[in-house]
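Report on one structure; see the data block that follows.
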Amino acid sequence: MSEKRERPFWEAKSLEQMSRDEWESLCDGCGRCCLVLFQDDETEEVWETDLTCKLFDCKTRRCRDYANRRAKVPGCVHLTPLNIKDLKWMPETCAYRRLAQGQGLADWHPLVSGRRESVAEAGIAVRADLVSESLIPEEEQENHIHARRWPRGEPCG
């Protein structure tokens with residue numbers, strides 16, 4: 001007799017039905033949403049930089065002060081089930097975006113693979129040669145825009 005396997009929460013629940021812990025666990029830790037971005041007001045095209053939020057820790061690919069991030073970085077976006085579909089700048093690989101679009105989690109996602117390192121191994125994680133926005137004067141930050149959307153390189157960590 002075979003056991004009936006329970007579906008994982010991200011397949012069994014909508015984003016709106018998830019607990020806070022379930023929601024938070026969807027973050028794969030790639031760090032891509034912590035890059036400084038520029039958006040063309042006319043075309044809405046988004047350009048990435050090699051700059052990170054001042055609170056981003058490249059070694060852990062996590063926020064140094066997640067609990068207080070929005071107080072310290074007023075532009076930090078609070079992701080919710082209600083706004084994720086509108087945040088077109090979020091990476092296509094983002095679990096929140098994928099689930100909101102009716103896709104499953106990628107095989108490299110830590111909830112699927114069981115390993116945090118799988119994000120970096122798959123080349124999804126941000127690169128190691130990033131610079132904190134706090135080290136670059138605001139008027140010079142546009143000089144850090146990449147020509148390609150997601151340049152590949154040695155992953156952070």
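Here's how to read the names in the structure tokens: chain A, B, ... by the order shown, residue numbers from 1 in each chain, ligand numbers from 1 in the order shown.
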Polymer residues at most 12 Å from Leu79 of chain A, only C-alpha atoms, same-chain spacing of 2 or more positions, as a PyMOL selection string: chain A and resi 15-16+20+23-24+26-27+33+70+76-77+81-87+90+94-97+100
Mind writing the picked residues with N, CA and C atoms as a CSV table (one decimal), in the first residue's frame?
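Saved to out.csv:
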chain,number,residue,atom,x,y,z
A,15,LEU,N,-1.2,32.3,-2.7
A,15,LEU,CA,-0.3,33.2,-2.0
A,15,LEU,C,-1.0,33.9,-0.9
A,16,GLU,N,-2.3,34.2,-1.1
A,16,GLU,CA,-3.1,34.9,0.0
A,16,GLU,C,-3.4,34.0,1.2
A,20,ARG,N,2.6,33.8,7.3
A,20,ARG,CA,3.8,34.7,7.2
A,20,ARG,C,5.1,33.9,7.0
A,23,TRP,N,5.1,32.4,3.5
A,23,TRP,CA,5.4,33.5,2.5
A,23,TRP,C,6.9,33.8,2.5
A,24,GLU,N,7.4,34.0,3.7
A,24,GLU,CA,8.9,34.4,3.8
A,24,GLU,C,9.8,33.3,3.3
A,26,LEU,N,9.4,31.5,0.8
A,26,LEU,CA,9.4,31.5,-0.7
A,26,LEU,C,10.7,32.3,-1.3
A,27,CYS,N,11.2,33.2,-0.5
A,27,CYS,CA,12.4,33.9,-1.0
A,27,CYS,C,13.5,32.9,-1.1
A,33,CYS,N,16.5,41.2,-6.1
A,33,CYS,CA,15.6,42.3,-5.8
A,33,CYS,C,16.2,43.3,-4.9
A,70,ARG,N,12.5,48.8,5.9
A,70,ARG,CA,11.7,49.8,5.3
A,70,ARG,C,11.8,51.1,6.0
A,76,CYS,N,12.4,50.6,-0.1
A,76,CYS,CA,12.4,49.2,-0.1
A,76,CYS,C,10.9,48.8,-0.3
A,77,VAL,N,10.7,47.9,-1.2
A,77,VAL,CA,9.3,47.5,-1.5
A,77,VAL,C,8.9,46.3,-0.6
A,81,PRO,N,1.0,39.5,-1.5
A,81,PRO,CA,0.2,38.8,-2.5
A,81,PRO,C,-0.6,39.7,-3.4
A,82,LEU,N,-0.9,40.9,-2.9
A,82,LEU,CA,-1.7,41.8,-3.6
A,82,LEU,C,-0.9,42.7,-4.6
A,83,ASN,N,0.4,42.9,-4.3
A,83,ASN,CA,1.2,43.8,-5.2
A,83,ASN,C,2.2,43.0,-6.1
A,84,ILE,N,2.4,41.8,-5.9
A,84,ILE,CA,3.5,41.1,-6.6
A,84,ILE,C,3.2,41.1,-8.1
A,85,LYS,N,1.9,41.0,-8.5
A,85,LYS,CA,1.6,40.9,-10.0
A,85,LYS,C,1.9,42.3,-10.7
A,86,ASP,N,1.9,43.4,-9.9
A,86,ASP,CA,2.2,44.7,-10.4
A,86,ASP,C,3.7,45.1,-10.5
A,87,LEU,N,4.5,44.3,-9.8
A,87,LEU,CA,5.9,44.6,-9.7
A,87,LEU,C,6.7,44.0,-10.9
A,90,MET,N,10.4,42.8,-10.9
A,90,MET,CA,10.9,41.7,-10.1
A,90,MET,C,11.4,40.6,-11.1
A,94,CYS,N,11.9,34.9,-9.8
A,94,CYS,CA,11.4,35.1,-8.4
A,94,CYS,C,10.3,34.2,-8.1
A,95,ALA,N,10.3,33.5,-7.0
A,95,ALA,CA,9.3,32.5,-6.6
A,95,ALA,C,7.9,33.2,-6.4
A,96,TYR,N,7.9,34.4,-5.8
A,96,TYR,CA,6.7,35.1,-5.7
A,96,TYR,C,6.0,35.4,-7.0
A,97,ARG,N,6.9,35.9,-7.9
A,97,ARG,CA,6.3,36.2,-9.3
A,97,ARG,C,5.9,35.0,-10.0
A,100,ALA,N,2.6,33.7,-8.5
A,100,ALA,CA,1.5,34.7,-8.9
A,100,ALA,C,1.1,34.5,-10.3
DSSP-assigned strand (DSSP E or B) members of segment 13-140 of chain A, reported as a list in words: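 Taking segment 13-140 of chain A and keeping strand (DSSP E or B) only, one gets Leu35, Val36, Leu37, Phe38, Gln39, Val46, Trp47, Glu48, Thr49, Asp50, Leu51, Thr52, Phe56, Asp57, Arg62, Cys63, Arg127, Val131 and Ser132 of chain A.
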Long-range neighbours of Asp107 of chain A as a PyMOL selection string, 10 Å cut-off, only C-alpha atoms, 5 positions minimum in chain: chain A and resi 112-114+118-119+122
Written selection (N, CA and C atoms) as a compact mmCIF listing (two decimals), in the first residue's frame:
# COMPACT_ATOMS: atom_id res chain seq x y z
N VAL A 112 12.60 23.28 -3.08
CA VAL A 112 12.52 22.09 -3.93
C VAL A 112 13.79 21.26 -3.80
N SER A 113 14.94 21.93 -3.90
CA SER A 113 16.22 21.23 -3.87
C SER A 113 16.63 20.79 -2.47
N GLY A 114 16.14 21.52 -1.46
CA GLY A 114 16.56 21.24 -0.08
C GLY A 114 17.89 21.84 0.28
N SER A 118 21.83 25.78 -4.04
CA SER A 118 21.36 25.47 -5.39
C SER A 118 21.05 26.73 -6.20
N VAL A 119 20.72 27.82 -5.54
CA VAL A 119 20.43 29.08 -6.23
C VAL A 119 21.71 29.61 -6.90
N ALA A 122 22.92 27.29 -9.77
CA ALA A 122 22.13 27.43 -11.00
C ALA A 122 22.42 28.75 -11.73
Straight-line distance linking atom CA of Gly123 of chain A with atom CA of Lys59 of chain A, stated in Å to one decimal: 15.3 Å
Atomic distance atom CA of Leu37 of chain A - atom CA of Glu133 of chain A, expressed in Å with one decimal: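 Atom CA of Glu133 of chain A lies 10.8 Å from atom CA of Leu37 of chain A.
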Quick one: residues within 8 Å of segment 6-14 of chain A, only C-alpha atoms, excluding same-chain residues fewer than 5 positions away - as a PDB file with C-alpha atoms, in the first residue's frame?
ATOM      1  CA  GLU A  22       5.381  30.192   4.464  1.00  0.00           C
ATOM      2  CA  LEU A  99       3.625  31.524  -8.234  1.00  0.00           C
ATOM      3  CA  GLY A 104       5.646  26.328  -9.953  1.00  0.00           C
TER       4      GLY A 104
END
Length of the atom CA of Thr52 of chain A to atom CA of Ala128 of chain A vector [Å]: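 Taking atom CA of Thr52 of chain A and atom CA of Ala128 of chain A, their separation equals 11.0 Å.
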Distance criterion (only C-alpha atoms): nearest to Met18 of chain A out of A:Asn143, A:Gln103, A:Ser134, A:Thr80: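 Residue with the minimum atom-to-atom distance to Met18 of chain A: A:Thr80.
Distance annotation: of A:Trp108, A:Trp89, A:Leu51, A:Asp129, the residue with the minimal separation from Gln39 of chain A is A:Trp89; atom set is only C-alpha atoms.
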